[in-house]
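S.K.: Structure in C-alpha coordinates, see below.
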Amino acid sequence: MNTVFKALSDPTRREVLTLLRDGPKSAGEISAEFAVSKPTMSAHFAVLREAGLVRSEKQGKAVIYQLQMSVLEDAVFGFTNMFGLSPAEAQSNPETLNRKGSENDQ
Amino acid sequence: MTNNIPNKPAARVLTIAVVVLIATFAVLVVGKENAWLDPDLAKRGVSALLGMLLIVCGNYLPKLTRKPDADTALLGKADRAAGRVLILTGLAFSAIWIIAPLAMATAIASIVGLVGAFACFGTWAWTARRAEGGSARLAITATDTAVRAGVAMIVLSIFFTFGIFEIDRIWGDQAAQWSAIIFALMIVIAGGSPAYMRFLRRI
(Lines give C-alpha, C1' and ligand atoms only; values in the text may rest on other atoms or scores of the structure.)
Protein backbone atom coordinates (compact mmCIF):
# COMPACT_ATOMS: atom_id res chain seq x y z
CA MET A 1 0.00 0.00 0.00
CA ASN A 2 3.01 2.25 0.57
CA THR A 3 3.81 2.29 -3.14
CA VAL A 4 0.18 3.23 -3.85
CA PHE A 5 0.33 6.24 -1.52
CA LYS A 6 3.67 7.25 -3.03
CA ALA A 7 2.23 7.03 -6.54
CA LEU A 8 -0.88 9.01 -5.62
CA SER A 9 1.05 11.72 -3.78
CA ASP A 10 2.12 13.34 -7.05
CA PRO A 11 -0.39 15.56 -8.93
CA THR A 12 1.02 14.62 -12.35
CA ARG A 13 0.52 10.93 -11.69
CA ARG A 14 -3.01 11.65 -10.47
CA GLU A 15 -3.62 13.56 -13.73
CA VAL A 16 -2.35 10.55 -15.69
CA LEU A 17 -4.82 8.32 -13.81
CA THR A 18 -7.63 10.79 -14.52
CA LEU A 19 -6.77 10.70 -18.25
CA LEU A 20 -6.80 6.89 -18.23
CA ARG A 21 -10.34 6.85 -16.79
CA ASP A 22 -11.55 7.57 -20.34
CA GLY A 23 -9.85 4.42 -21.63
CA PRO A 24 -6.42 3.05 -22.54
CA LYS A 25 -3.95 5.52 -24.04
CA SER A 26 -0.48 5.26 -25.50
CA ALA A 27 2.53 6.68 -23.66
CA GLY A 28 2.84 9.26 -26.43
CA GLU A 29 -0.77 10.42 -26.12
CA ILE A 30 -0.42 10.82 -22.36
CA SER A 31 2.97 12.54 -22.56
CA ALA A 32 1.56 15.02 -25.11
CA GLU A 33 -0.78 16.30 -22.40
CA PHE A 34 2.11 17.32 -20.13
CA ALA A 35 4.83 19.88 -20.61
CA VAL A 36 7.62 17.65 -19.35
CA SER A 37 10.44 15.60 -20.80
CA LYS A 38 9.93 12.00 -21.90
CA PRO A 39 12.33 10.54 -19.29
CA THR A 40 10.41 12.31 -16.51
CA MET A 41 7.13 10.99 -17.87
CA SER A 42 8.67 7.54 -18.16
CA ALA A 43 9.64 7.69 -14.48
CA HIS A 44 6.06 8.60 -13.57
CA PHE A 45 4.74 5.63 -15.59
CA ALA A 46 7.20 3.35 -13.81
CA VAL A 47 5.99 4.49 -10.37
CA LEU A 48 2.36 3.95 -11.37
CA ARG A 49 3.15 0.51 -12.76
CA GLU A 50 5.16 -0.48 -9.70
CA ALA A 51 2.18 0.47 -7.51
CA GLY A 52 -0.07 -1.68 -9.71
CA LEU A 53 -2.35 1.26 -10.53
CA VAL A 54 -1.83 0.91 -14.29
CA ARG A 55 -0.82 -1.92 -16.56
CA SER A 56 1.08 -1.61 -19.80
CA GLU A 57 1.31 -3.66 -22.93
CA LYS A 58 3.26 -3.23 -26.15
CA GLN A 59 1.29 -2.82 -29.38
CA GLY A 60 3.82 -2.53 -32.17
CA LYS A 61 6.11 0.31 -31.21
CA ALA A 62 3.59 1.94 -28.88
CA VAL A 63 3.21 1.18 -25.17
CA ILE A 64 -0.46 1.25 -24.20
CA TYR A 65 -1.39 2.08 -20.61
CA GLN A 66 -4.68 1.23 -18.99
CA LEU A 67 -6.15 1.79 -15.56
CA GLN A 68 -5.90 -1.09 -13.09
CA MET A 69 -7.12 0.29 -9.74
CA SER A 70 -8.95 -1.75 -7.14
CA VAL A 71 -12.07 -0.19 -5.60
CA LEU A 72 -10.08 0.67 -2.45
CA GLU A 73 -7.28 2.27 -4.48
CA ASP A 74 -9.92 4.18 -6.44
CA ALA A 75 -11.35 5.49 -3.16
CA VAL A 76 -7.87 6.52 -1.95
CA PHE A 77 -7.35 8.22 -5.33
CA GLY A 78 -10.61 10.13 -4.82
CA PHE A 79 -9.53 11.22 -1.32
CA THR A 80 -6.06 12.36 -2.44
CA ASN A 81 -7.66 14.29 -5.28
CA MET A 82 -9.99 15.92 -2.77
CA PHE A 83 -7.44 16.65 -0.07
CA GLY A 84 -4.15 16.35 -1.92
CA LEU A 85 -1.89 18.89 -3.52
CA SER A 86 -3.97 21.53 -5.30
CA PRO A 87 -2.98 22.73 -8.81
CA ALA A 88 -1.77 26.05 -7.34
CA GLU A 89 0.54 24.22 -4.94
CA ALA A 90 1.72 21.99 -7.75
CA GLN A 91 2.83 25.01 -9.82
CA SER A 92 4.92 26.33 -6.97
CA ASN A 93 6.55 22.92 -6.42
CA PRO A 94 9.41 22.23 -8.88
CA GLU A 95 9.12 18.50 -8.23
CA THR A 96 5.61 18.38 -9.62
CA LEU A 97 4.51 18.82 -13.19
CA ASN A 98 1.78 20.80 -14.86
CA ARG A 99 -0.57 19.99 -17.71
CA LYS A 100 -0.04 21.81 -21.03
CA GLY A 101 -2.27 24.85 -21.35
CA SER A 102 -1.53 26.09 -17.87
CA GLU A 103 2.24 26.17 -18.56
CA ASN A 104 3.69 27.37 -21.83
CA ASP A 105 7.32 27.69 -20.86
CA GLN A 106 8.49 24.47 -22.52
CA MET B 1 15.28 3.66 -17.63
CA THR B 2 12.74 2.20 -15.27
CA ASN B 3 10.64 0.76 -18.08
CA ASN B 4 11.40 -2.83 -17.18
CA ILE B 5 9.14 -2.83 -14.09
CA PRO B 6 6.61 -5.63 -14.64
CA ASN B 7 2.85 -5.26 -14.26
CA LYS B 8 1.77 -6.12 -10.72
CA PRO B 9 -0.24 -9.36 -10.71
CA ALA B 10 -3.57 -8.74 -8.96
CA ALA B 11 -4.69 -12.34 -9.40
CA ARG B 12 -2.06 -13.64 -6.93
CA VAL B 13 -3.21 -11.28 -4.13
CA LEU B 14 -6.85 -12.16 -4.81
CA THR B 15 -6.11 -15.90 -4.74
CA ILE B 16 -4.24 -15.64 -1.41
CA ALA B 17 -7.08 -13.61 0.13
CA VAL B 18 -9.74 -16.08 -1.06
CA VAL B 19 -7.73 -19.10 0.18
CA VAL B 20 -7.19 -17.49 3.63
CA LEU B 21 -10.91 -16.70 3.94
CA ILE B 22 -11.95 -20.21 2.88
CA ALA B 23 -9.44 -21.72 5.34
CA THR B 24 -10.91 -19.60 8.16
CA PHE B 25 -14.36 -20.69 7.00
CA ALA B 26 -13.26 -24.36 7.30
CA VAL B 27 -11.79 -23.78 10.79
CA LEU B 28 -15.08 -22.28 11.98
CA VAL B 29 -17.10 -25.19 10.57
CA VAL B 30 -14.76 -27.78 12.14
CA GLY B 31 -14.87 -25.82 15.42
CA LYS B 32 -18.66 -25.93 15.40
CA GLU B 33 -18.81 -29.66 14.55
CA ASN B 34 -16.38 -30.52 17.37
CA ALA B 35 -18.10 -28.21 19.85
CA TRP B 36 -14.99 -26.03 20.32
CA LEU B 37 -17.09 -23.05 19.31
CA ASP B 38 -20.54 -21.87 20.32
CA PRO B 39 -22.85 -22.80 17.36
CA ASP B 40 -24.32 -19.29 17.17
CA LEU B 41 -20.86 -17.75 17.12
CA ALA B 42 -19.76 -20.16 14.38
CA LYS B 43 -22.88 -19.34 12.34
CA ARG B 44 -22.22 -15.61 12.67
CA GLY B 45 -18.56 -16.12 11.79
CA VAL B 46 -19.21 -18.25 8.69
CA SER B 47 -21.86 -15.83 7.42
CA ALA B 48 -19.70 -12.76 8.05
CA LEU B 49 -16.89 -14.48 6.11
CA LEU B 50 -19.19 -14.88 3.09
CA GLY B 51 -19.66 -11.11 3.15
CA MET B 52 -15.89 -10.64 3.42
CA LEU B 53 -15.37 -12.88 0.38
CA LEU B 54 -17.67 -10.55 -1.54
CA ILE B 55 -15.68 -7.53 -0.31
CA VAL B 56 -12.38 -9.08 -1.46
CA CYS B 57 -13.77 -10.13 -4.87
CA GLY B 58 -15.41 -6.72 -5.36
CA ASN B 59 -12.24 -4.85 -4.45
CA TYR B 60 -9.97 -6.74 -6.85
CA LEU B 61 -12.45 -7.13 -9.71
CA PRO B 62 -11.40 -3.93 -11.56
CA LYS B 63 -7.74 -5.01 -11.36
CA LEU B 64 -8.19 -8.31 -13.17
CA THR B 65 -6.81 -8.50 -16.68
CA ARG B 66 -9.27 -8.36 -19.56
CA LYS B 67 -8.88 -9.83 -23.01
CA PRO B 68 -7.09 -7.42 -25.38
CA ASP B 69 -10.10 -7.17 -27.72
CA ALA B 70 -12.44 -6.06 -24.93
CA ASP B 71 -13.94 -2.57 -24.83
CA THR B 72 -11.62 -1.76 -21.94
CA ALA B 73 -12.88 1.72 -21.09
CA LEU B 74 -16.54 0.76 -20.74
CA LEU B 75 -15.89 -2.65 -19.18
CA GLY B 76 -13.49 -1.01 -16.70
CA LYS B 77 -16.34 1.25 -15.62
CA ALA B 78 -18.64 -1.78 -15.37
CA ASP B 79 -16.12 -3.60 -13.18
CA ARG B 80 -15.65 -0.58 -10.92
CA ALA B 81 -19.43 -0.16 -10.54
CA ALA B 82 -20.00 -3.90 -9.96
CA GLY B 83 -17.03 -3.94 -7.54
CA ARG B 84 -18.54 -1.13 -5.48
CA VAL B 85 -21.89 -2.95 -5.39
CA LEU B 86 -20.16 -6.15 -4.23
CA ILE B 87 -18.24 -4.30 -1.50
CA LEU B 88 -21.36 -2.52 -0.22
CA THR B 89 -23.31 -5.80 -0.29
CA GLY B 90 -20.50 -7.61 1.53
CA LEU B 91 -20.16 -4.86 4.15
CA ALA B 92 -23.91 -4.78 4.79
CA PHE B 93 -24.16 -8.59 4.91
CA SER B 94 -21.18 -8.96 7.29
CA ALA B 95 -22.31 -6.06 9.50
CA ILE B 96 -25.80 -7.55 9.86
CA TRP B 97 -24.38 -10.93 10.87
CA ILE B 98 -21.92 -9.38 13.35
CA ILE B 99 -24.21 -6.78 14.94
CA ALA B 100 -27.88 -7.76 14.55
CA PRO B 101 -29.68 -10.24 16.82
CA LEU B 102 -29.45 -13.75 15.35
CA ALA B 103 -33.17 -14.04 14.47
CA MET B 104 -33.11 -10.69 12.67
CA ALA B 105 -29.82 -11.47 10.89
CA THR B 106 -31.23 -14.75 9.58
CA ALA B 107 -34.31 -12.94 8.27
CA ILE B 108 -32.79 -9.90 6.56
CA ALA B 109 -29.14 -10.63 5.68
CA SER B 110 -29.92 -12.95 2.75
CA ILE B 111 -32.45 -10.48 1.34
CA VAL B 112 -29.74 -7.78 1.44
CA GLY B 113 -27.38 -10.23 -0.28
CA LEU B 114 -29.88 -11.11 -3.00
CA VAL B 115 -30.64 -7.44 -3.70
CA GLY B 116 -26.86 -6.92 -4.05
CA ALA B 117 -26.69 -9.91 -6.42
CA PHE B 118 -29.31 -8.47 -8.76
CA ALA B 119 -27.65 -5.03 -8.59
CA CYS B 120 -24.22 -6.51 -9.39
CA PHE B 121 -25.26 -8.72 -12.30
CA GLY B 122 -27.61 -5.96 -13.48
CA THR B 123 -24.67 -3.53 -13.62
CA TRP B 124 -22.61 -5.98 -15.68
CA ALA B 125 -25.50 -6.77 -18.03
CA TRP B 126 -26.45 -3.10 -18.52
CA THR B 127 -22.87 -2.05 -19.32
CA ALA B 128 -22.30 -5.00 -21.62
CA ARG B 129 -25.32 -3.95 -23.69
CA ARG B 130 -23.72 -0.53 -24.18
CA ALA B 131 -20.25 -2.00 -24.77
CA GLU B 132 -21.20 -4.38 -27.50
CA GLY B 133 -23.83 -2.42 -29.34
CA GLY B 134 -26.86 -4.16 -27.92
CA SER B 135 -25.43 -7.62 -27.33
CA ALA B 136 -26.76 -9.08 -24.10
CA ARG B 137 -23.52 -10.74 -22.93
CA LEU B 138 -22.65 -10.03 -19.31
CA ALA B 139 -19.60 -7.78 -18.91
CA ILE B 140 -17.89 -10.35 -16.69
CA THR B 141 -18.24 -13.16 -19.27
CA ALA B 142 -17.57 -10.91 -22.24
CA THR B 143 -13.95 -10.70 -21.08
CA ASP B 144 -13.54 -14.17 -19.67
CA THR B 145 -9.94 -14.81 -18.80
CA ALA B 146 -9.59 -17.82 -16.48
CA VAL B 147 -9.25 -15.68 -13.34
CA ARG B 148 -12.28 -13.56 -14.19
CA ALA B 149 -14.36 -16.67 -14.88
CA GLY B 150 -13.22 -18.00 -11.47
CA VAL B 151 -14.21 -14.77 -9.70
CA ALA B 152 -17.60 -14.80 -11.48
CA MET B 153 -18.12 -18.37 -10.28
CA ILE B 154 -17.20 -17.45 -6.66
CA VAL B 155 -19.58 -14.47 -6.70
CA LEU B 156 -22.36 -16.55 -8.26
CA SER B 157 -21.84 -19.30 -5.65
CA ILE B 158 -22.00 -16.81 -2.76
CA PHE B 159 -25.19 -15.30 -4.14
CA PHE B 160 -26.66 -18.77 -4.59
CA THR B 161 -25.78 -19.47 -0.94
CA PHE B 162 -27.82 -16.40 0.03
CA GLY B 163 -30.68 -17.86 -2.00
CA ILE B 164 -30.38 -21.19 -0.18
CA PHE B 165 -30.48 -19.37 3.18
CA GLU B 166 -33.77 -17.76 2.12
CA ILE B 167 -35.21 -21.04 0.78
CA ASP B 168 -34.25 -22.69 4.08
CA ARG B 169 -35.99 -19.92 6.05
CA ILE B 170 -39.16 -19.94 3.95
CA TRP B 171 -39.64 -23.56 2.78
CA GLY B 172 -37.47 -25.47 5.20
CA ASP B 173 -34.42 -27.67 5.31
CA GLN B 174 -35.41 -30.19 2.62
CA ALA B 175 -36.07 -27.59 -0.09
CA ALA B 176 -32.73 -25.94 0.73
CA GLN B 177 -30.89 -29.26 0.44
CA TRP B 178 -32.46 -29.96 -2.98
CA SER B 179 -31.53 -26.46 -4.15
CA ALA B 180 -27.93 -27.03 -3.06
CA ILE B 181 -27.81 -30.36 -4.94
CA ILE B 182 -29.20 -28.76 -8.11
CA PHE B 183 -26.64 -25.95 -7.90
CA ALA B 184 -23.79 -28.42 -7.36
CA LEU B 185 -24.95 -30.36 -10.45
CA MET B 186 -25.05 -27.12 -12.45
CA ILE B 187 -21.45 -26.40 -11.43
CA VAL B 188 -20.36 -29.93 -12.45
CA ILE B 189 -22.13 -29.59 -15.81
CA ALA B 190 -20.65 -26.12 -16.33
CA GLY B 191 -17.17 -27.39 -15.51
CA GLY B 192 -17.44 -30.42 -17.79
CA SER B 193 -19.31 -29.08 -20.76
CA PRO B 194 -17.78 -26.57 -23.20
CA ALA B 195 -21.21 -26.11 -24.77
CA TYR B 196 -22.67 -25.06 -21.42
CA MET B 197 -19.83 -22.58 -20.88
CA ARG B 198 -20.48 -21.13 -24.35
CA PHE B 199 -24.14 -20.85 -23.40
CA LEU B 200 -23.25 -19.04 -20.17
CA ARG B 201 -21.08 -16.60 -22.12
CA ARG B 202 -24.04 -15.73 -24.31
CA ILE B 203 -26.32 -14.84 -21.36
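The chains in the C-alpha coordinates are called A, B, ... from first to last as shown; in each chain the residues are counted from 1, and the ligands are counted from 1 in the order shown.
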Find the residues of stretch 41-80 of chain A that sit at most 9 Å from stretch 80-91 of chain B; for each, write down the nearest two atoms and how far apart they are in Å, to one decimal. Count only C-alpha atoms. Sort by chain, then by number going up, and give it as a tab-separated table.
M.R.:
residue	atom	partner	partner_atom	distance
A:Met69	CA	B:Arg80	CA	8.7
A:Ser70	CA	B:Arg80	CA	7.8
A:Val71	CA	B:Arg80	CA	6.4
A:Asp74	CA	B:Arg80	CA	8.7
S.K.: B:Arg169: which residues within 12 Å, counting only C-alpha atoms, same-chain residues fewer than 5 positions away excluded, as a list in words?
M.R.: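 Everything that qualifies: Ala103, Met104, Ala105, Thr106, Ala107, Ile108, Ala109, Ser110, Ile111, Phe162, Gly163, Ile164, Gln174, Ala175 and Ala176 of chain B.
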S.K.: Would you compute the distance between atom CA of B:Thr15 and atom CA of B:Pro39? Give it in Å to one decimal.
M.R.: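 Atom-to-atom, atom CA of B:Thr15 to atom CA of B:Pro39, that is 28.6 Å.
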S.K.: What's the 8 Å shell around stretch 46-48 of chain A, counting only C-alpha atoms, without same-chain residues fewer than 2 positions away, as a list in words?
M.R.: Thr3, Val4, Ala7, Arg13, Ser42, Ala43, His44, Glu50, Ala51, Gly52, Leu53 and Val54 of chain A; Thr2, Asn3 and Ile5 of chain B
S.K.: Rank nothing, just name the residue among A:Leu72, A:Met82, A:Val63, A:Ala32 nearest to A:Arg14, using only C-alpha atoms.
M.R.: A:Met82
